[in-house]
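Contents: one structure, followed by commentary.
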Amino acid sequence: MKRGALYVVATPLGNLEDVTLRALRVLREVDLIAAEDTRRTRILLGHHGIATPVTSYYDAVERQRAPRLVADLVAGKSIALVSDAGTPGIADPGYHLVRGALAAGVTVVPVPGASAPVALVSVAGVPTERFCFEGFLPPRGAARARRLAELAGERRAIVLLEAGRRLPALLDAATEAFGARDAVVGRELTKRYEEVLRGTLPELAARVRAAGAVRGEVTVLIAARAGEQAGQDLDDAAIEARLHSMLGAGSSVRDAASAVARETGRSRRDLYQRALALGRGQPR
């Protein structure tokens with residue numbers, strides 16, 4: 001154990017066995033554990049017979065407490081930083097303490113392990129050779145819709161975090177932005193009632209609403225556009241050619257837009273407007 005070092009330690013998402021041997025050793029040997037949720041951390045420590053002192057370090061006090069912890073590190077104490085679940089700094093507190101420690105010349109050591117985004121990606125069953133982590137979207141509807149519209153042009157699969165109570169609204173908004181793209185929802189990952197839902201965004205939105213209230217936090221993966229995964233980046237001209245072909249074959253504007261949305265992952269609303277203009281003889 002290096003003295004005067006900050007250890008950034010990943011802890012289980014739910015199942016207390018999902019912790020590395022190294023993490024347990026570090027948590028046992030450091031002088032202090034800075035925890036996002038001291039209650040949850042003490043459950044983990046008690047399960048593994050660890051009696052290291054714990055102090056709280058969560059969003060509301062992060063800026064205030066980071067300087068004190070950095071001073072302890074400089075004085076030679078070793079500290080472990082943990083979040084309530086998963087890896088600190090990944091949509092969890094940690095940035096201010098890590099940055100402060102580095103600025104003070106303190107060694108910062110990663111102790112990797114559980115991560116909800118990686119856990120879902122590993123079992124998603126959709127192409128995820130390249131993906132981006134977006135974390136939590138704005139909670140308000142208008143701001144969330146704007147951000148999703150910006151993400152609609154993203155070439156990679158997208159991983160999001162969301163509170164369960166806001167999941168239905170998120171899936172509805174994502175359907176408007178991305179169309180009938182494939183997606184995966186992970187709920188209670190690694191816990192007793194773990195559930196992974198797979199389907200298109202509108203299918204998942206309907207299933208979640210029918211199931212009633214969703215509790216806790218969930219992880220959502222929105223697959224990349226089909227053309228991106230296959231290396232077939234369809235430009236606007238190709239999209240319109242496909243719509244024109246379907247309209248010429250007798251498909252309605254609505255059916256043509258829905259079909260191309262499923263094929264490409266593009267916004268169904270945008271494709272409907274394009275198909276409507278083509279049907280009127282007004283190429284876009």
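Each chain in the structure tokens gets a letter, A, B and so on, in the order shown; residues start at 1 in every chain, and ligands are counted from 1 in the order they appear.
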
task: Find the residues around A:Asp270 up to 9 Å (only C-alpha atoms counted), leave out those fewer than 4 positions away in its own chain, and share them as a ChimeraX atom specification.
output: /A:177,257,266,274-275

- request: Enumerate the residues of stretch 150-189 of chain A with a DSSP assignment of strand (DSSP E or B), computed from the backbone, and present them as a ChimeraX atom specification.
  value: /A:157-163,182-187

message: Nearest residue to A:Leu44 out of A:Val121, A:Val260, A:Leu16, A:Val26, using only C-alpha atoms?
response: A:Leu16

- request: Would you return as an NGL selection string the members of stretch 49-96 of chain A that DSSP assigns to alpha helix (DSSP H) on this structure's backbone?
  value: :A and (62-74 or 95-96)

field: Polymer residues at most 9 Å from A:Thr38, only C-alpha atoms, same-chain spacing of 5 or more positions, as a VMD selection string
entry: chain A and resid 43 54 to 57 84

Taking C-alpha atoms for each residue, export the selection above as a compact mmCIF listing (two decimals), in the first residue's frame.
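selection_4.txt written:
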# COMPACT_ATOMS: atom_id res chain seq x y z
CA ILE A 43 -23.08 -2.76 4.13
CA VAL A 54 -15.69 6.04 6.46
CA THR A 55 -16.50 9.69 5.69
CA SER A 56 -19.23 11.01 3.40
CA TYR A 57 -18.34 12.47 0.02
CA ASP A 84 -22.59 4.07 -3.90

Residue contacts of A:Cys132 (7 Å, only C-alpha atoms) excluding same-chain residues fewer than 3 positions away, as number ranges by chain: A: 156-159

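Nearest residue to A:Leu32, choosing from A:Lys77, A:Arg65, A:Arg130, A:Lys2 and counting only C-alpha atoms: A:Lys77.
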
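You will find atom CA of A:Ala34 at 23.6 Å from atom CA of A:Thr190.
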
field: Selection near A:Ala91, 10 Å with only C-alpha atoms, sequence-local residues under 2 positions removed, as a PyMOL selection string
entry: chain A and resi 83+86-89+93-95+133-136+161

- prompt: At what distance in Å, to one decimal, does atom CA of A:Ala169 lie from atom CA of A:Val220?
  reply: 12.8 Å

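Closest approach to A:Thr41 from the set A:Gly153, A:Pro53, A:Pro67, A:Gly248 is made by A:Pro53, with distances taken over only C-alpha atoms.
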
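Take atom CA of A:Glu17 and atom CA of A:Ala119: the distance between them is 14.8 Å.
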
task: Show which residues sit within 12 Å of A:Arg207, as a PyMOL selection string. Count only C-alpha atoms, and ignore same-chain residues fewer than 3 positions away.
output: chain A and resi 167-168+171-172+185+197-204+210-214

Near A:Glu240, counting only C-alpha atoms, which residues have an atom at most 9 Å away, once you skip same-chain residues fewer than 4 positions from it, shown as a CSV table (one decimal) with C-alpha atoms, in the first residue's frame?
chain,number,residue,atom,x,y,z
A,235,ASP,CA,-26.8,10.0,-47.0
A,236,ASP,CA,-29.9,12.1,-47.6
A,244,HIS,CA,-39.4,7.5,-53.4
A,245,SER,CA,-39.1,3.8,-54.4
A,271,LEU,CA,-38.8,10.8,-42.6
A,274,ARG,CA,-39.6,14.0,-46.3
A,275,ALA,CA,-42.0,11.3,-47.6
A,278,LEU,CA,-41.9,13.7,-52.1
A,283,PRO,CA,-38.1,16.8,-53.4
A,284,ARG,CA,-36.2,17.9,-50.3
